[in-house]
Amino acid sequence: MSMIKADLANLIWQKHGNLSQHEALLAVNAIWNNLKKKLMQGEDVQINGFGRFAVCRHAAKVGRNINKGISVQIPARKVVVFKPSRQLKELVNKQISTE
C-alpha cells in the first residue's frame, strides 16, 4: 500500500489536534514545495533520520536505437536521487527480519 500526500496530512491532523485538516494539508504542501524549490536550485535536502535528496547531473551521451540500428544523441539532464539514512535502512531491515 502506498501513502499519498492526503494520507500524510491526515496523519498529522490525527496526531496534532490543534490543526485542522486543511492546515495539516497546507503544512504538507509547504514542506514539499520547499523541498522541490531547493532541489530545483541544485541544493541537497537532508532530513536527519530519513535520508538525503540530491540532484545529480548526467552528461550528454550517444545511445543506440536497437530497432532502427542507429545512434541517438541523449541530451544532458538532471535527476533527483534519494539516499536513505542508516537509521531508516536499519528500521526497514529490522521490520523485514521480524516478518
# chains A, B, ... in the order shown; residues from 1 in each chain; ligands from 1
>>> select_by_dssp(residues="chain A", states="alpha helix (DSSP H)", output="ChimeraX atom specification")
/A:5-15,21-40,86-98
>>> write_last_selection(atoms="N, CA and C atoms", output="compact mmCIF listing (two decimals), in the first residue's frame")
# COMPACT_ATOMS: atom_id res chain seq x y z
N LYS A 5 -0.10 12.08 -0.42
CA LYS A 5 0.04 13.33 0.34
C LYS A 5 -1.14 13.54 1.30
N ALA A 6 -2.34 13.24 0.86
CA ALA A 6 -3.53 13.41 1.70
C ALA A 6 -3.46 12.50 2.93
N ASP A 7 -2.92 11.29 2.76
CA ASP A 7 -2.77 10.38 3.89
C ASP A 7 -1.81 10.95 4.92
N LEU A 8 -0.72 11.52 4.45
CA LEU A 8 0.26 12.12 5.35
C LEU A 8 -0.36 13.31 6.10
N ALA A 9 -1.10 14.14 5.40
CA ALA A 9 -1.78 15.27 6.04
C ALA A 9 -2.79 14.77 7.07
N ASN A 10 -3.49 13.70 6.76
CA ASN A 10 -4.47 13.14 7.68
C ASN A 10 -3.78 12.61 8.95
N LEU A 11 -2.63 11.97 8.80
CA LEU A 11 -1.87 11.50 9.97
C LEU A 11 -1.44 12.67 10.86
N ILE A 12 -0.98 13.74 10.24
CA ILE A 12 -0.58 14.92 11.01
C ILE A 12 -1.78 15.49 11.74
N TRP A 13 -2.92 15.56 11.07
CA TRP A 13 -4.14 16.09 11.67
C TRP A 13 -4.57 15.23 12.87
N GLN A 14 -4.48 13.90 12.73
CA GLN A 14 -4.89 13.00 13.82
C GLN A 14 -3.95 13.11 15.03
N LYS A 15 -2.66 13.27 14.79
CA LYS A 15 -1.68 13.32 15.88
C LYS A 15 -1.66 14.68 16.57
N GLN A 21 -7.79 19.84 9.38
CA GLN A 21 -7.33 19.02 8.25
C GLN A 21 -6.76 19.89 7.15
N HIS A 22 -7.37 21.02 6.92
CA HIS A 22 -6.88 21.94 5.89
C HIS A 22 -5.50 22.48 6.25
N GLU A 23 -5.30 22.84 7.52
CA GLU A 23 -3.99 23.35 7.96
C GLU A 23 -2.92 22.28 7.86
N ALA A 24 -3.29 21.03 8.16
CA ALA A 24 -2.33 19.92 8.04
C ALA A 24 -1.93 19.74 6.58
N LEU A 25 -2.89 19.82 5.68
CA LEU A 25 -2.59 19.70 4.25
C LEU A 25 -1.72 20.86 3.78
N LEU A 26 -2.00 22.07 4.27
CA LEU A 26 -1.16 23.22 3.93
C LEU A 26 0.27 23.03 4.42
N ALA A 27 0.44 22.44 5.60
CA ALA A 27 1.78 22.18 6.14
C ALA A 27 2.54 21.19 5.26
N VAL A 28 1.86 20.12 4.86
CA VAL A 28 2.49 19.12 3.99
C VAL A 28 2.86 19.76 2.66
N ASN A 29 1.97 20.55 2.09
CA ASN A 29 2.25 21.23 0.82
C ASN A 29 3.44 22.17 0.95
N ALA A 30 3.53 22.88 2.08
CA ALA A 30 4.65 23.80 2.29
C ALA A 30 5.97 23.04 2.34
N ILE A 31 5.97 21.90 3.01
CA ILE A 31 7.19 21.07 3.08
C ILE A 31 7.61 20.63 1.69
N TRP A 32 6.67 20.06 0.93
CA TRP A 32 7.01 19.56 -0.41
C TRP A 32 7.42 20.68 -1.35
N ASN A 33 6.73 21.83 -1.26
CA ASN A 33 7.08 22.95 -2.14
C ASN A 33 8.48 23.45 -1.85
N ASN A 34 8.86 23.53 -0.58
CA ASN A 34 10.21 23.97 -0.23
C ASN A 34 11.25 22.93 -0.63
N LEU A 35 10.92 21.66 -0.48
CA LEU A 35 11.83 20.59 -0.90
C LEU A 35 12.07 20.69 -2.40
N LYS A 36 11.00 20.85 -3.18
CA LYS A 36 11.13 20.97 -4.64
C LYS A 36 11.93 22.22 -5.02
N LYS A 37 11.67 23.32 -4.32
CA LYS A 37 12.37 24.57 -4.61
C LYS A 37 13.87 24.41 -4.42
N LYS A 38 14.28 23.80 -3.31
CA LYS A 38 15.72 23.61 -3.05
C LYS A 38 16.33 22.68 -4.09
N LEU A 39 15.64 21.62 -4.46
CA LEU A 39 16.17 20.72 -5.48
C LEU A 39 16.27 21.41 -6.83
N MET A 40 15.31 22.25 -7.17
CA MET A 40 15.37 22.99 -8.44
C MET A 40 16.54 23.96 -8.46
N ARG A 86 21.15 5.76 7.47
CA ARG A 86 21.47 4.48 8.11
C ARG A 86 20.34 4.04 9.03
N GLN A 87 19.76 5.00 9.77
CA GLN A 87 18.67 4.68 10.68
C GLN A 87 17.46 4.13 9.93
N LEU A 88 17.12 4.74 8.79
CA LEU A 88 15.99 4.26 8.01
C LEU A 88 16.25 2.87 7.45
N LYS A 89 17.47 2.64 6.97
CA LYS A 89 17.83 1.31 6.47
C LYS A 89 17.69 0.26 7.56
N GLU A 90 18.17 0.61 8.76
CA GLU A 90 18.09 -0.34 9.88
C GLU A 90 16.64 -0.62 10.26
N LEU A 91 15.81 0.40 10.28
CA LEU A 91 14.39 0.20 10.61
C LEU A 91 13.71 -0.70 9.59
N VAL A 92 13.96 -0.46 8.31
CA VAL A 92 13.35 -1.27 7.26
C VAL A 92 13.83 -2.70 7.34
N ASN A 93 15.13 -2.90 7.54
CA ASN A 93 15.66 -4.25 7.63
C ASN A 93 15.20 -4.96 8.89
N LYS A 94 15.05 -4.23 9.98
CA LYS A 94 14.53 -4.82 11.22
C LYS A 94 13.10 -5.27 11.00
N GLN A 95 12.29 -4.46 10.30
CA GLN A 95 10.91 -4.79 10.02
C GLN A 95 10.83 -6.04 9.15
N ILE A 96 11.71 -6.17 8.17
CA ILE A 96 11.71 -7.32 7.27
C ILE A 96 12.09 -8.58 8.04
N SER A 97 13.06 -8.49 8.92
CA SER A 97 13.53 -9.68 9.64
C SER A 97 12.52 -10.20 10.65
N THR A 98 11.58 -9.35 11.10
CA THR A 98 10.58 -9.77 12.07
C THR A 98 9.33 -10.33 11.40
>>> residues_around(residues="His58 (chain A)", least_positions_apart="2", cutoff="10 Å", atoms="only C-alpha atoms", output="NGL selection string")
:A and (55-56 or 60-61 or 74-79)
>>> atom_distance(atom1="CA of Asp44 (chain A)", atom2="CA of Val81 (chain A)")
9.8 Å
>>> select_by_dssp(residues="chain A", states="strand (DSSP E)", output="ChimeraX atom specification")
/A:45-47,51-58,61-65,70-74,77-84
>>> write_last_selection(atoms="N, CA and C atoms", output="PDB file, in the first residue's frame")
ATOM      1  N   VAL A  45      18.854  18.199  -0.019  1.00  0.00           N
ATOM      2  CA  VAL A  45      17.942  18.313   1.119  1.00  0.00           C
ATOM      3  C   VAL A  45      18.159  17.085   1.985  1.00  0.00           C
ATOM      4  N   GLN A  46      18.612  17.309   3.210  1.00  0.00           N
ATOM      5  CA  GLN A  46      18.874  16.211   4.129  1.00  0.00           C
ATOM      6  C   GLN A  46      17.887  16.273   5.282  1.00  0.00           C
ATOM      7  N   ILE A  47      17.212  15.154   5.524  1.00  0.00           N
ATOM      8  CA  ILE A  47      16.279  15.038   6.635  1.00  0.00           C
ATOM      9  C   ILE A  47      16.868  13.998   7.573  1.00  0.00           C
ATOM     10  N   GLY A  51      16.819  10.562   5.313  1.00  0.00           N
ATOM     11  CA  GLY A  51      17.687  10.410   4.154  1.00  0.00           C
ATOM     12  C   GLY A  51      18.006  11.737   3.509  1.00  0.00           C
ATOM     13  N   ARG A  52      18.635  11.634   2.334  1.00  0.00           N
ATOM     14  CA  ARG A  52      19.091  12.820   1.618  1.00  0.00           C
ATOM     15  C   ARG A  52      18.610  12.763   0.178  1.00  0.00           C
ATOM     16  N   PHE A  53      18.010  13.871  -0.267  1.00  0.00           N
ATOM     17  CA  PHE A  53      17.635  14.048  -1.665  1.00  0.00           C
ATOM     18  C   PHE A  53      18.712  14.905  -2.308  1.00  0.00           C
ATOM     19  N   ALA A  54      19.163  14.523  -3.489  1.00  0.00           N
ATOM     20  CA  ALA A  54      20.201  15.284  -4.168  1.00  0.00           C
ATOM     21  C   ALA A  54      19.919  15.298  -5.664  1.00  0.00           C
ATOM     22  N   VAL A  55      20.442  16.322  -6.325  1.00  0.00           N
ATOM     23  CA  VAL A  55      20.330  16.435  -7.778  1.00  0.00           C
ATOM     24  C   VAL A  55      21.662  16.004  -8.380  1.00  0.00           C
ATOM     25  N   CYS A  56      21.603  15.028  -9.270  1.00  0.00           N
ATOM     26  CA  CYS A  56      22.813  14.563  -9.968  1.00  0.00           C
ATOM     27  C   CYS A  56      22.688  14.949 -11.435  1.00  0.00           C
ATOM     28  N   ARG A  57      23.811  15.282 -12.002  1.00  0.00           N
ATOM     29  CA  ARG A  57      23.833  15.661 -13.414  1.00  0.00           C
ATOM     30  C   ARG A  57      24.383  14.500 -14.243  1.00  0.00           C
ATOM     31  N   HIS A  58      23.695  14.193 -15.306  1.00  0.00           N
ATOM     32  CA  HIS A  58      24.152  13.178 -16.249  1.00  0.00           C
ATOM     33  C   HIS A  58      24.600  13.893 -17.516  1.00  0.00           C
ATOM     34  N   LYS A  61      25.236  11.946 -23.900  1.00  0.00           N
ATOM     35  CA  LYS A  61      25.919  10.746 -24.390  1.00  0.00           C
ATOM     36  C   LYS A  61      25.241  10.255 -25.656  1.00  0.00           C
ATOM     37  N   VAL A  62      25.911   9.357 -26.313  1.00  0.00           N
ATOM     38  CA  VAL A  62      25.369   8.748 -27.520  1.00  0.00           C
ATOM     39  C   VAL A  62      24.803   7.391 -27.133  1.00  0.00           C
ATOM     40  N   GLY A  63      23.518   7.203 -27.442  1.00  0.00           N
ATOM     41  CA  GLY A  63      22.867   5.929 -27.187  1.00  0.00           C
ATOM     42  C   GLY A  63      22.615   5.204 -28.496  1.00  0.00           C
ATOM     43  N   ARG A  64      21.929   4.106 -28.413  1.00  0.00           N
ATOM     44  CA  ARG A  64      21.696   3.300 -29.600  1.00  0.00           C
ATOM     45  C   ARG A  64      20.228   2.896 -29.665  1.00  0.00           C
ATOM     46  N   ASN A  65      19.576   3.178 -30.788  1.00  0.00           N
ATOM     47  CA  ASN A  65      18.226   2.701 -31.039  1.00  0.00           C
ATOM     48  C   ASN A  65      18.362   1.316 -31.649  1.00  0.00           C
ATOM     49  N   ILE A  70      20.467   2.704 -35.290  1.00  0.00           N
ATOM     50  CA  ILE A  70      21.153   3.988 -35.454  1.00  0.00           C
ATOM     51  C   ILE A  70      21.568   4.540 -34.097  1.00  0.00           C
ATOM     52  N   SER A  71      22.550   5.429 -34.152  1.00  0.00           N
ATOM     53  CA  SER A  71      22.987   6.111 -32.939  1.00  0.00           C
ATOM     54  C   SER A  71      22.066   7.295 -32.671  1.00  0.00           C
ATOM     55  N   VAL A  72      21.808   7.539 -31.392  1.00  0.00           N
ATOM     56  CA  VAL A  72      20.914   8.625 -30.986  1.00  0.00           C
ATOM     57  C   VAL A  72      21.619   9.453 -29.921  1.00  0.00           C
ATOM     58  N   GLN A  73      21.544  10.774 -30.066  1.00  0.00           N
ATOM     59  CA  GLN A  73      22.140  11.665 -29.070  1.00  0.00           C
ATOM     60  C   GLN A  73      21.175  11.797 -27.887  1.00  0.00           C
ATOM     61  N   ILE A  74      21.650  11.477 -26.690  1.00  0.00           N
ATOM     62  CA  ILE A  74      20.854  11.638 -25.470  1.00  0.00           C
ATOM     63  C   ILE A  74      21.355  12.898 -24.785  1.00  0.00           C
ATOM     64  N   ARG A  77      21.119  15.844 -18.645  1.00  0.00           N
ATOM     65  CA  ARG A  77      19.921  16.030 -17.834  1.00  0.00           C
ATOM     66  C   ARG A  77      20.279  15.952 -16.362  1.00  0.00           C
ATOM     67  N   LYS A  78      19.340  16.369 -15.559  1.00  0.00           N
ATOM     68  CA  LYS A  78      19.483  16.283 -14.114  1.00  0.00           C
ATOM     69  C   LYS A  78      18.457  15.282 -13.601  1.00  0.00           C
ATOM     70  N   VAL A  79      18.837  14.511 -12.594  1.00  0.00           N
ATOM     71  CA  VAL A  79      17.913  13.569 -11.974  1.00  0.00           C
ATOM     72  C   VAL A  79      17.981  13.745 -10.463  1.00  0.00           C
ATOM     73  N   VAL A  80      16.881  13.468  -9.801  1.00  0.00           N
ATOM     74  CA  VAL A  80      16.832  13.517  -8.347  1.00  0.00           C
ATOM     75  C   VAL A  80      17.080  12.106  -7.829  1.00  0.00           C
ATOM     76  N   VAL A  81      17.995  11.993  -6.888  1.00  0.00           N
ATOM     77  CA  VAL A  81      18.287  10.709  -6.265  1.00  0.00           C
ATOM     78  C   VAL A  81      17.999  10.808  -4.772  1.00  0.00           C
ATOM     79  N   PHE A  82      17.678   9.672  -4.170  1.00  0.00           N
ATOM     80  CA  PHE A  82      17.417   9.613  -2.737  1.00  0.00           C
ATOM     81  C   PHE A  82      18.332   8.571  -2.123  1.00  0.00           C
ATOM     82  N   LYS A  83      19.020   8.966  -1.065  1.00  0.00           N
ATOM     83  CA  LYS A  83      19.864   8.027  -0.332  1.00  0.00           C
ATOM     84  C   LYS A  83      19.314   7.935   1.088  1.00  0.00           C
ATOM     85  N   PRO A  84      18.778   6.768   1.462  1.00  0.00           N
ATOM     86  CA  PRO A  84      18.212   6.635   2.805  1.00  0.00           C
ATOM     87  C   PRO A  84      19.298   6.708   3.874  1.00  0.00           C
TER      88      PRO A  84
END
>>> atom_distance(atom1="CA of Ser2 (chain A)", atom2="CA of Gly17 (chain A)")
24.4 Å
